[in-house]
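Shown next: my_file-v9.cif, containing mmCIF, C-alpha atoms.
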```
data_my_file
loop_
_atom_site.label_atom_id
_atom_site.label_comp_id
_atom_site.auth_asym_id
_atom_site.auth_seq_id
_atom_site.Cartn_x
_atom_site.Cartn_y
_atom_site.Cartn_z
CA MET S 1 240.25 80.96 197.99
CA ARG S 2 242.53 77.97 198.29
CA SER S 3 243.13 76.28 201.62
CA PRO S 4 245.96 77.53 203.88
CA THR S 5 247.82 74.25 203.24
CA VAL S 6 247.76 74.68 199.46
CA LEU S 7 248.70 78.34 199.78
CA ARG S 8 251.65 77.51 202.04
CA LYS S 9 252.86 74.97 199.49
CA LEU S 10 252.70 77.58 196.72
CA VAL S 11 254.55 80.10 198.85
CA LEU S 12 257.22 77.51 199.65
CA VAL S 13 257.70 76.68 195.97
CA LEU S 14 258.06 80.33 195.00
CA ALA S 15 260.39 81.05 197.90
CA THR S 16 262.53 78.05 197.01
CA LEU S 17 262.83 79.37 193.47
CA GLY S 18 263.89 82.77 194.80
CA LEU S 19 260.78 84.47 193.42
CA VAL S 20 259.75 86.33 196.55
CA ALA S 21 258.57 89.83 195.66
CA THR S 22 260.75 92.58 197.08
CA GLY S 23 259.46 95.72 195.39
CA CYS S 24 256.00 96.92 196.30
CA GLY S 25 255.43 95.14 199.56
CA SER S 26 257.52 97.66 201.46
CA GLY S 27 255.15 100.55 200.73
CA ASP S 28 258.01 102.53 199.20
CA ASP S 29 257.00 104.16 195.90
CA SER S 30 260.66 104.39 194.88
CA ALA S 31 260.86 100.58 194.71
CA SER S 32 261.90 99.40 191.28
CA SER S 33 261.53 95.61 191.47
CA LEU S 34 258.32 93.82 190.51
CA THR S 35 257.52 90.12 190.29
CA VAL S 36 254.81 89.47 187.72
CA GLY S 37 252.89 86.23 187.31
CA VAL S 38 251.56 84.92 184.03
CA VAL S 39 249.33 81.89 183.62
CA GLY S 40 250.68 79.07 181.49
CA PRO S 41 253.68 76.72 181.38
CA THR S 42 255.54 78.75 178.75
CA MET S 43 255.92 82.37 177.64
CA GLN S 44 253.56 82.29 174.69
CA MET S 45 254.03 84.70 171.78
CA SER S 46 250.71 86.33 172.67
CA PHE S 47 252.32 87.43 175.96
CA ALA S 48 254.93 89.54 174.14
CA PRO S 49 253.37 93.01 174.78
CA TYR S 50 253.84 92.63 178.53
CA THR S 51 256.75 90.18 178.82
CA SER S 52 259.46 90.26 176.16
CA VAL S 53 258.88 93.52 174.27
CA PRO S 54 259.07 95.86 177.30
CA VAL S 55 262.29 94.09 178.33
CA ASP S 56 264.01 94.00 174.94
CA ARG S 57 262.87 97.47 173.83
CA GLY S 58 263.67 99.04 177.17
CA PHE S 59 260.22 100.19 178.28
CA PHE S 60 260.57 98.69 181.75
CA ALA S 61 264.04 100.25 182.06
CA GLU S 62 262.69 103.66 180.98
CA GLU S 63 260.26 103.44 183.90
CA GLY S 64 262.99 102.47 186.35
CA LEU S 65 261.66 98.94 186.77
CA GLU S 66 263.30 95.57 187.09
CA VAL S 67 260.62 93.00 186.31
CA GLU S 68 260.81 89.26 186.88
CA MET S 69 258.26 87.03 185.16
CA VAL S 70 256.94 83.87 186.82
CA ASN S 71 254.91 81.13 185.13
CA LEU S 72 252.03 79.72 187.17
CA PRO S 73 249.67 76.84 186.34
CA GLY S 74 246.42 78.74 186.77
CA SER S 75 244.65 81.93 187.74
CA ALA S 76 243.72 80.64 191.21
CA GLU S 77 247.37 80.04 192.00
CA ALA S 78 248.22 83.50 190.71
CA VAL S 79 245.63 85.14 192.98
CA ASP S 80 246.95 83.15 195.96
CA ALA S 81 250.50 84.27 195.20
CA VAL S 82 249.47 87.93 194.97
CA LEU S 83 247.67 87.69 198.31
CA ALA S 84 250.69 85.97 199.89
CA GLY S 85 253.03 88.72 198.71
CA GLN S 86 254.94 86.36 196.43
CA LEU S 87 253.78 88.25 193.33
CA ASP S 88 253.30 91.99 192.99
CA VAL S 89 251.21 91.71 189.81
CA ALA S 90 249.43 88.97 187.89
CA LEU S 91 247.83 88.91 184.45
CA ILE S 92 244.67 86.84 184.90
CA LEU S 93 241.52 86.10 182.95
CA SER S 94 238.71 88.20 184.35
CA PRO S 95 236.24 85.43 185.29
CA SER S 96 238.79 84.00 187.73
CA VAL S 97 239.46 87.43 189.23
CA LEU S 98 235.75 88.11 189.67
CA LYS S 99 235.22 84.73 191.32
CA ALA S 100 238.13 85.35 193.68
CA ILE S 101 236.77 88.76 194.68
CA GLU S 102 233.28 87.31 195.15
CA THR S 103 234.69 84.74 197.58
CA GLY S 104 236.54 87.40 199.59
CA SER S 105 240.00 87.75 198.04
CA ASP S 106 241.40 91.23 198.61
CA VAL S 107 242.70 91.83 195.08
CA GLN S 108 241.74 94.53 192.62
CA VAL S 109 242.10 95.11 188.89
CA PHE S 110 244.19 98.15 188.00
CA TYR S 111 244.86 97.72 184.25
CA ASN S 112 242.43 96.43 181.60
CA HIS S 113 244.64 94.67 179.03
CA ILE S 114 242.55 92.34 176.83
CA THR S 115 239.73 94.67 175.88
CA ARG S 116 237.59 92.50 173.56
CA ASN S 117 236.44 88.90 173.69
CA PHE S 118 239.38 86.69 172.73
CA ALA S 119 237.57 83.42 173.58
CA VAL S 120 234.83 83.34 170.94
CA PRO S 121 233.97 79.69 170.18
CA HIS S 122 235.28 78.36 166.88
CA VAL S 123 234.40 75.34 164.75
CA PRO S 124 236.15 73.60 161.83
CA GLU S 125 235.49 75.42 158.59
CA ASP S 126 233.38 72.57 157.18
CA SER S 127 231.32 72.09 160.36
CA PRO S 128 227.52 71.96 160.01
CA ILE S 129 227.31 74.31 163.01
CA ARG S 130 226.33 77.66 161.51
CA SER S 131 224.63 79.54 164.32
CA VAL S 132 224.97 79.84 168.07
CA SER S 133 221.84 77.78 168.67
CA ASP S 134 223.39 74.95 166.63
CA MET S 135 225.75 74.35 169.56
CA GLN S 136 222.88 72.72 171.47
CA GLY S 137 223.63 69.06 172.15
CA LYS S 138 227.23 69.42 170.98
CA THR S 139 230.56 68.82 172.69
CA VAL S 140 232.66 71.90 173.39
CA GLY S 141 236.35 71.50 174.15
CA VAL S 142 237.51 73.75 177.01
CA VAL S 143 240.82 74.10 178.79
CA SER S 144 239.64 72.79 182.19
CA PRO S 145 236.47 72.00 184.17
CA GLY S 146 236.54 75.47 185.75
CA ALA S 147 237.25 77.40 182.55
CA GLY S 148 235.79 80.89 182.36
CA SER S 149 234.69 80.17 178.80
CA ILE S 150 232.05 77.72 180.06
CA PRO S 151 229.66 80.25 181.65
CA GLN S 152 230.24 82.69 178.80
CA ILE S 153 229.27 80.09 176.19
CA LYS S 154 226.28 79.03 178.29
CA SER S 155 225.09 82.63 178.41
CA LEU S 156 225.71 83.08 174.67
CA VAL S 157 223.62 80.04 173.76
CA GLY S 158 220.89 80.91 176.25
CA ARG S 159 220.56 84.49 175.02
CA GLU S 160 220.27 83.25 171.44
CA GLY S 161 217.35 80.97 172.27
CA GLY S 162 219.20 77.70 172.77
CA ASP S 163 219.37 75.35 175.74
CA PRO S 164 222.86 75.54 177.29
CA GLY S 165 222.02 72.57 179.52
CA THR S 166 222.34 70.25 176.50
CA ILE S 167 225.99 71.17 175.87
CA GLU S 168 228.77 68.84 177.03
CA PHE S 169 231.93 70.68 178.08
CA LEU S 170 234.99 68.45 177.69
CA PRO S 171 238.35 69.46 179.25
CA VAL S 172 241.00 69.16 176.51
CA GLY S 173 243.83 71.47 177.61
CA SER S 174 245.30 73.89 175.10
CA GLY S 175 248.05 71.94 173.36
CA PRO S 176 248.54 70.92 169.72
CA ASP S 177 246.47 67.74 170.22
CA VAL S 178 243.30 69.88 170.33
CA ALA S 179 243.49 70.11 166.54
CA GLU S 180 243.41 66.32 166.26
CA LEU S 181 240.43 66.09 168.62
CA ALA S 182 238.53 68.52 166.40
CA ARG S 183 239.64 66.74 163.26
CA LYS S 184 238.39 63.36 164.57
CA GLY S 185 235.11 64.85 165.75
CA ASP S 186 235.75 64.16 169.44
CA ILE S 187 234.82 67.82 169.99
CA ASP S 188 232.40 69.80 167.84
CA VAL S 189 233.36 73.26 169.09
CA VAL S 190 236.69 74.66 170.25
CA GLY S 191 235.98 76.79 173.31
CA LEU S 192 239.50 78.09 173.85
CA TRP S 193 241.18 81.40 172.90
CA ASP S 194 242.86 83.36 170.13
CA SER S 195 246.42 82.02 170.24
CA VAL S 196 245.16 78.41 170.43
CA PHE S 197 242.92 79.00 167.41
CA ALA S 198 245.98 80.33 165.54
CA SER S 199 247.96 77.23 166.54
CA ILE S 200 245.20 74.88 165.37
CA GLU S 201 245.03 76.64 162.02
CA GLY S 202 248.82 76.40 161.86
CA HIS S 203 248.39 72.63 162.11
CA GLY S 204 246.31 72.68 158.94
CA MET S 205 242.75 72.97 160.27
CA PRO S 206 240.95 76.17 159.22
CA LEU S 207 238.45 77.44 161.76
CA ARG S 208 235.61 79.96 161.78
CA PRO S 209 233.92 81.71 164.71
CA VAL S 210 230.37 81.04 165.86
CA SER S 211 229.29 84.15 167.70
CA THR S 212 227.22 87.33 167.76
CA PRO S 213 228.26 91.00 167.65
CA TRP S 214 227.52 91.55 171.36
CA PHE S 215 229.57 88.52 172.33
CA ASP S 216 232.49 89.61 170.12
CA GLU S 217 232.59 92.97 171.87
CA LEU S 218 232.35 91.60 175.41
CA GLY S 219 235.13 93.47 177.19
CA PHE S 220 237.24 93.36 180.34
CA GLN S 221 238.61 89.94 179.43
CA GLY S 222 242.21 89.85 180.64
CA VAL S 223 243.43 92.13 183.43
CA PHE S 224 246.37 93.00 185.66
CA VAL S 225 245.63 92.64 189.36
CA ALA S 226 247.44 93.43 192.60
CA SER S 227 246.50 93.40 196.26
CA ARG S 228 244.42 96.37 197.41
CA GLN S 229 246.98 97.12 200.10
CA SER S 230 249.85 97.33 197.60
CA LEU S 231 247.85 99.52 195.24
CA GLU S 232 247.09 101.90 198.09
CA THR S 233 250.59 102.03 199.58
CA SER S 234 252.75 101.81 196.44
CA PRO S 235 250.80 103.25 193.51
CA ASP S 236 253.80 104.69 191.69
CA ALA S 237 255.39 101.34 190.85
CA PHE S 238 252.10 100.04 189.42
CA ALA S 239 251.65 103.25 187.44
CA ARG S 240 255.10 102.84 185.91
CA PHE S 241 254.40 99.19 185.13
CA GLY S 242 251.12 100.02 183.37
CA ARG S 243 252.77 102.83 181.41
CA ALA S 244 255.50 100.43 180.21
CA VAL S 245 252.84 97.92 179.11
CA ALA S 246 250.95 100.66 177.26
CA LYS S 247 254.13 101.75 175.43
CA SER S 248 254.94 98.15 174.60
CA THR S 249 251.45 97.51 173.25
CA VAL S 250 251.72 100.52 170.95
CA PHE S 251 255.15 99.36 169.78
CA THR S 252 253.90 95.82 169.12
CA GLN S 253 250.87 97.04 167.19
CA THR S 254 253.09 99.23 165.01
CA ASN S 255 255.82 96.67 164.30
CA PRO S 256 254.70 93.12 165.13
CA ASP S 257 257.65 91.59 163.26
CA ALA S 258 260.06 93.36 165.60
CA ALA S 259 257.97 92.12 168.53
CA VAL S 260 258.35 88.53 167.33
CA THR S 261 262.12 89.04 167.17
CA SER S 262 262.11 90.51 170.69
CA HIS S 263 260.16 87.57 172.04
CA TRP S 264 262.57 85.02 170.61
CA LYS S 265 265.50 87.05 171.89
CA VAL S 266 264.20 87.17 175.46
CA TYR S 267 262.70 83.67 175.39
CA PRO S 268 264.70 81.72 172.79
CA ASP S 269 263.11 78.40 173.74
CA THR S 270 259.77 79.64 172.37
CA LYS S 271 261.01 79.73 168.78
CA PRO S 272 259.62 76.68 166.92
CA ALA S 273 262.31 74.04 166.68
CA GLY S 274 263.25 72.41 163.41
CA MET S 275 261.55 75.07 161.32
CA GLU S 276 263.19 77.48 158.93
CA ASP S 277 262.98 81.14 159.94
CA THR S 278 260.31 82.29 157.49
CA ALA S 279 257.92 79.52 158.50
CA ALA S 280 258.66 80.02 162.20
CA ARG S 281 258.04 83.74 161.89
CA ALA S 282 254.70 83.07 160.17
CA VAL S 283 253.64 80.90 163.13
CA GLY S 284 254.74 83.59 165.58
CA ARG S 285 252.97 86.35 163.69
CA ALA S 286 249.74 84.34 163.52
CA ALA S 287 249.65 83.97 167.30
CA LEU S 288 250.62 87.58 167.92
CA ASP S 289 248.26 89.03 165.32
CA SER S 290 245.31 87.18 166.81
CA ARG S 291 246.04 88.74 170.21
CA LEU S 292 246.58 92.23 168.81
CA GLU S 293 243.02 92.17 167.48
CA VAL S 294 241.75 92.26 171.08
CA LEU S 295 244.28 94.74 172.47
CA THR S 296 242.48 97.87 171.34
CA GLU S 297 242.86 101.17 173.17
CA PRO S 298 239.75 101.82 175.30
CA ALA S 299 237.91 105.12 175.02
CA GLY S 300 239.32 106.19 178.36
CA GLY S 301 242.93 105.51 177.38
CA TRP S 302 245.28 102.58 177.79
CA GLY S 303 244.44 100.41 180.77
CA SER S 304 240.99 101.90 181.30
CA ALA S 305 237.62 100.20 181.69
CA SER S 306 234.04 101.37 182.09
CA PRO S 307 231.54 100.28 184.74
CA ASP S 308 229.17 99.24 181.94
CA GLU S 309 231.60 96.76 180.41
CA ILE S 310 232.56 95.37 183.82
CA ASP S 311 228.90 94.92 184.71
CA GLY S 312 228.18 93.47 181.26
CA LEU S 313 230.75 90.71 181.63
CA GLN S 314 229.56 89.97 185.14
CA GLN S 315 225.95 89.66 183.98
CA VAL S 316 227.03 87.08 181.41
CA LEU S 317 228.86 85.13 184.14
CA VAL S 318 225.80 85.29 186.39
CA GLU S 319 223.63 83.96 183.56
CA GLY S 320 226.14 81.16 183.04
CA GLY S 321 226.05 80.17 186.72
CA PHE S 322 229.62 81.26 187.47
CA LEU S 323 228.87 84.25 189.72
CA ALA S 324 226.04 84.59 192.23
CA ALA S 325 225.47 88.28 191.54
CA VAL S 326 226.99 91.32 189.86
CA LEU S 327 229.61 92.90 192.11
CA PRO S 328 229.96 96.69 192.45
CA ALA S 329 232.40 97.85 189.76
CA ASN S 330 234.51 99.77 192.27
CA ARG S 331 235.04 96.60 194.27
CA VAL S 332 236.50 94.94 191.18
CA TRP S 333 238.37 97.81 189.54
CA THR S 334 240.23 101.03 190.31
CA ASP S 335 240.78 103.75 187.70
CA ALA S 336 243.13 105.74 189.95
CA LEU S 337 246.23 105.02 187.84
CA VAL S 338 244.77 105.34 184.33
CA PRO S 339 245.95 108.96 183.85
CA GLU S 340 249.50 107.86 184.75
CA PHE S 341 249.44 104.96 182.28
CA ASN S 342 248.83 107.41 179.46
CA LYS S 343 251.51 109.98 180.29
CA PHE S 344 253.83 109.15 177.41
CA ASP S 345 254.47 110.34 173.87
CA GLU S 346 252.61 107.78 171.80
CA ALA S 347 253.78 109.32 168.51
CA ALA S 348 257.40 108.89 169.61
CA VAL S 349 256.81 105.22 170.38
CA VAL S 350 255.17 104.71 166.99
CA ASP S 351 258.07 106.46 165.26
CA ALA S 352 260.62 104.34 167.11
CA ALA S 353 258.74 101.17 166.16
CA LYS S 354 258.59 102.14 162.50
CA ASN S 355 262.35 102.66 162.52
CA THR S 356 263.15 99.32 164.20
CA ALA S 357 264.31 96.48 161.99
CA PRO S 358 262.24 93.27 162.16
#
```

Translate this file's structure into structure tokens.
Amino acid sequence: MRSPTVLRKLVLVLATLGLVATGCGSGDDSASSLTVGVVGPTMQMSFAPYTSVPVDRGFFAEEGLEVEMVNLPGSAEAVDAVLAGQLDVALILSPSVLKAIETGSDVQVFYNHITRNFAVPHVPEDSPIRSVSDMQGKTVGVVSPGAGSIPQIKSLVGREGGDPGTIEFLPVGSGPDVAELARKGDIDVVGLWDSVFASIEGHGMPLRPVSTPWFDELGFQGVFVASRQSLETSPDAFARFGRAVAKSTVFTQTNPDAAVTSHWKVYPDTKPAGMEDTAARAVGRAALDSRLEVLTEPAGGWGSASPDEIDGLQQVLVEGGFLAAVLPANRVWTDALVPEFNKFDEAAVVDAAKNTAP
């Protein structure tokens, strides 16, 4: 957990911006206002199923919710803000959540959103790297020194007979310059995520994955979290939020072109500047399509997770030196709201999406 001084600074910034959560903290299930944190400086197209689409297509409104989205620089800041009551919900990458819980943070996952591995390492199409073990002695570009992809890649290489200790992990961010670093050979492997891979390919560098079937299917990757206290005292608001996200995901899967339009409508600054509409839409679709590949409906219904997949991810993070031990699944995750997430007419949502113009 961050120091009290850093946490106070974060709280002050959010309060100054008027982003203090007012909905769930009261313990009143009739509350209809939620403040939701997302990690990243901008509202990326891959965020559409839980940011723009439920706003533009009315899924939040159907659930009686007013939702305000807040951009935060990282998952640690998002966890701090949830604990401070400045956010009701945050969408965070699972390794960061697990680390926070291991170190004593009183947060819990309530909705499993990114259900397959979206951070499989990629290499340029003409790279001599053909197998996982070929990554030994290579330089892997990652978003930051504490990136959750680092222990996962270490575990991947170790399980496939390689020596992960020979890999250099180089922080490169996630901007368009990553493509140039790969092109010049400054990094051999891109250890980022789906929407960044799509962006790199959009800049004219074809990529291919270097992975294994078990690593591709590694689940519980991106999750919605809240404080345990809020989940216990105000479950109804979180149930309605998860149901709106489930509806929006179904809509987006059925009509991704309409989802792209919704995203640009709600966040017009995210539309590529200086690009004609057809080309801009192709860029948007590439980013969205890559994310939709890992937003599959779990066997237990939208938002659900299994103890086996939670434990499986944790074991990989233990092997990679990120976690000290596997945490009990019920400390990490609650399935109490899953039945509520799935109480909607999925066929009606599909029908509405099919009848929506792009």

Residues around (232.3, 100.2, 184.9), cut-off 12 Å, counting all atoms listed in the file - what are they as number ranges by chain? S: 109, 112, 219-220, 300, 304-314, 326-335

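Neighbours of Lys99 of chain S closer than or equal to 10 Å, with all atoms listed in the file counted and sequence neighbours fewer than 3 positions away skipped, come out as S:Met1, S:Ala76, S:Ser94, S:Pro95, S:Ser96, S:Glu102, S:Thr103, S:Gly104, S:Ser105, S:Gly148, S:Gln314, S:Leu317, S:Phe322, S:Leu323, S:Ala324, S:Leu327.
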
Written selection (C-alpha atoms) as a PDB file, keeping the file's coordinate frame:
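Final file, selection-v3.pdb:
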```pdb
ATOM      1  CA  MET S   1     240.250  80.960 197.990  1.00  0.00           C
ATOM      2  CA  ALA S  76     243.720  80.640 191.210  1.00  0.00           C
ATOM      3  CA  SER S  94     238.710  88.200 184.350  1.00  0.00           C
ATOM      4  CA  PRO S  95     236.240  85.430 185.290  1.00  0.00           C
ATOM      5  CA  SER S  96     238.790  84.000 187.730  1.00  0.00           C
ATOM      6  CA  GLU S 102     233.280  87.310 195.150  1.00  0.00           C
ATOM      7  CA  THR S 103     234.690  84.740 197.580  1.00  0.00           C
ATOM      8  CA  GLY S 104     236.540  87.400 199.590  1.00  0.00           C
ATOM      9  CA  SER S 105     240.000  87.750 198.040  1.00  0.00           C
ATOM     10  CA  GLY S 148     235.790  80.890 182.360  1.00  0.00           C
ATOM     11  CA  GLN S 314     229.560  89.970 185.140  1.00  0.00           C
ATOM     12  CA  LEU S 317     228.860  85.130 184.140  1.00  0.00           C
ATOM     13  CA  PHE S 322     229.620  81.260 187.470  1.00  0.00           C
ATOM     14  CA  LEU S 323     228.870  84.250 189.720  1.00  0.00           C
ATOM     15  CA  ALA S 324     226.040  84.590 192.230  1.00  0.00           C
ATOM     16  CA  LEU S 327     229.610  92.900 192.110  1.00  0.00           C
TER      17      LEU S 327
END
```

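Taking all atoms listed in the file into account, Val53 of chain S lies nearest to S:Val245 out of the set S:Gly301, S:Ala273, S:Thr296, S:Val245.
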
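Nearest residue to Arg285 of chain S, choosing from S:Glu297, S:Asp257, S:Asp80, S:Glu63 and counting all atoms listed in the file: S:Asp257.
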
Using all atoms listed in the file, which of the listed residues (S:Gly141, S:Gly173, S:Gly162, S:Gly74) sits closest to Gly185 of chain S?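 Going through S:Gly141, S:Gly173, S:Gly162, S:Gly74 one by one, the smallest distance to Gly185 of chain S is for S:Gly141.
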
From (228.7, 79.9, 177.9), in the file's coordinates, out to 12 Å: which residues are reached, counting all atoms listed in the file? Answer as a PyMOL selection string. chain S and resi 95+119-121+132-133+135-136+140-142+146-160+162-169+189+191-192+211+215+313+315-322

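Shell of Gln108 of chain S at 10 Å, with only C-alpha atoms counted and residues fewer than 6 places along the chain excluded, is Val97, Leu98, Ala100, Ile101, Val223, Phe224, Val225, Ala226, Ser227, Arg228, Gln229, Ser230, Leu231, Asn330, Arg331, Val332, Trp333 and Thr334 of chain S.
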
Show me, as a compact mmCIF listing (two decimals) with C-alpha atoms, keeping the file's coordinate frame, the residues that have an atom within 6 Å of Asp88 of chain S when counting all atoms listed in the file, minus same-chain residues fewer than 6 positions from it.
```txt
# COMPACT_ATOMS: atom_id res chain seq x y z
CA LEU S 34 258.32 93.82 190.51
CA THR S 35 257.52 90.12 190.29
CA VAL S 82 249.47 87.93 194.97
```

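Once the PyMOL selection byres ((chain S and resi 216) around 8) is applied to this file, the selection holds Arg116, Asn117, Phe118, Val120, Ser211, Thr212, Pro213, Trp214, Phe215, Glu217 and Leu218 of chain S.
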
Pick from S:Met205, S:Ala353, S:Ile114, S:Val250 nearest to Leu93 of chain S, counting only C-alpha atoms: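 Between S:Met205, S:Ala353, S:Ile114, S:Val250, the residue approaching Leu93 of chain S most closely is S:Ile114.
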
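With distances restricted to all atoms listed in the file, S:Ser46 is the closest residue to Leu292 of chain S from S:Ser262, S:Gln221, S:Ser46, S:Ser144.
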
Excluding His263 of chain S and any residue of its chain fewer than 2 positions from it, enumerate the residues within 8 Å of it, using only C-alpha atoms, and give them as a CSV table (one decimal) with C-alpha atoms, keeping the file's coordinate frame.
```csv
chain,number,residue,atom,x,y,z
S,45,MET,CA,254.0,84.7,171.8
S,48,ALA,CA,254.9,89.5,174.1
S,52,SER,CA,259.5,90.3,176.2
S,53,VAL,CA,258.9,93.5,174.3
S,259,ALA,CA,258.0,92.1,168.5
S,260,VAL,CA,258.4,88.5,167.3
S,261,THR,CA,262.1,89.0,167.2
S,265,LYS,CA,265.5,87.0,171.9
S,266,VAL,CA,264.2,87.2,175.5
S,267,TYR,CA,262.7,83.7,175.4
S,268,PRO,CA,264.7,81.7,172.8
S,270,THR,CA,259.8,79.6,172.4
```

Atom pair atom CA of Glu293 of chain S / atom CA of Met43 of chain S: separation (Å):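 A separation of 19.1 Å between them.
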
Hits of the PyMOL selection byres ((chain S and resi 248) around 12) in this structure, as a PyMOL selection string: chain S and resi 47-63+113+241-247+249-256+258-259+262+292+295+302+341+344+346+349-350+352-353

Would you save the residues of that selection, restricted to C-alpha atoms, as a CSV table (one decimal), keeping the file's coordinate frame?
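Contents of selection-v1.csv, freshly written:
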```
chain,number,residue,atom,x,y,z
S,47,PHE,CA,252.3,87.4,176.0
S,48,ALA,CA,254.9,89.5,174.1
S,49,PRO,CA,253.4,93.0,174.8
S,50,TYR,CA,253.8,92.6,178.5
S,51,THR,CA,256.8,90.2,178.8
S,52,SER,CA,259.5,90.3,176.2
S,53,VAL,CA,258.9,93.5,174.3
S,54,PRO,CA,259.1,95.9,177.3
S,55,VAL,CA,262.3,94.1,178.3
S,56,ASP,CA,264.0,94.0,174.9
S,57,ARG,CA,262.9,97.5,173.8
S,58,GLY,CA,263.7,99.0,177.2
S,59,PHE,CA,260.2,100.2,178.3
S,60,PHE,CA,260.6,98.7,181.8
S,61,ALA,CA,264.0,100.2,182.1
S,62,GLU,CA,262.7,103.7,181.0
S,63,GLU,CA,260.3,103.4,183.9
S,113,HIS,CA,244.6,94.7,179.0
S,241,PHE,CA,254.4,99.2,185.1
S,242,GLY,CA,251.1,100.0,183.4
S,243,ARG,CA,252.8,102.8,181.4
S,244,ALA,CA,255.5,100.4,180.2
S,245,VAL,CA,252.8,97.9,179.1
S,246,ALA,CA,251.0,100.7,177.3
S,247,LYS,CA,254.1,101.8,175.4
S,249,THR,CA,251.4,97.5,173.2
S,250,VAL,CA,251.7,100.5,171.0
S,251,PHE,CA,255.2,99.4,169.8
S,252,THR,CA,253.9,95.8,169.1
S,253,GLN,CA,250.9,97.0,167.2
S,254,THR,CA,253.1,99.2,165.0
S,255,ASN,CA,255.8,96.7,164.3
S,256,PRO,CA,254.7,93.1,165.1
S,258,ALA,CA,260.1,93.4,165.6
S,259,ALA,CA,258.0,92.1,168.5
S,262,SER,CA,262.1,90.5,170.7
S,292,LEU,CA,246.6,92.2,168.8
S,295,LEU,CA,244.3,94.7,172.5
S,302,TRP,CA,245.3,102.6,177.8
S,341,PHE,CA,249.4,105.0,182.3
S,344,PHE,CA,253.8,109.2,177.4
S,346,GLU,CA,252.6,107.8,171.8
S,349,VAL,CA,256.8,105.2,170.4
S,350,VAL,CA,255.2,104.7,167.0
S,352,ALA,CA,260.6,104.3,167.1
S,353,ALA,CA,258.7,101.2,166.2
```

Using all atoms listed in the file, the best pick from S:Pro209, S:Gly161, S:Pro124, S:Gly137 as closest to Ala179 of chain S would be S:Pro124

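Our summary of the geometry notes that atom CA of Pro298 of chain S is positioned 10.9 Å from atom CA of Val338 of chain S.
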
Chain and number of each residue from the PyMOL selection byres ((chain S and resi 68) around 7), as an mmCIF file with C-alpha atoms, in the coordinates of the input:
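Below is the file expr33.cif, written as the result:
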```cif
data_model
loop_
_atom_site.group_PDB
_atom_site.id
_atom_site.type_symbol
_atom_site.label_atom_id
_atom_site.label_comp_id
_atom_site.auth_asym_id
_atom_site.auth_seq_id
_atom_site.Cartn_x
_atom_site.Cartn_y
_atom_site.Cartn_z
ATOM 1 C CA LEU S 34 258.320 93.820 190.510
ATOM 2 C CA THR S 35 257.520 90.120 190.290
ATOM 3 C CA VAL S 36 254.810 89.470 187.720
ATOM 4 C CA GLU S 66 263.300 95.570 187.090
ATOM 5 C CA VAL S 67 260.620 93.000 186.310
ATOM 6 C CA MET S 69 258.260 87.030 185.160
ATOM 7 C CA VAL S 70 256.940 83.870 186.820
#
```

Separation of atom CA of Val196 of chain S and atom CA of Arg291 of chain S, in Å?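 If I compute the distance from atom CA of Val196 of chain S to atom CA of Arg291 of chain S, I get 10.4 Å.
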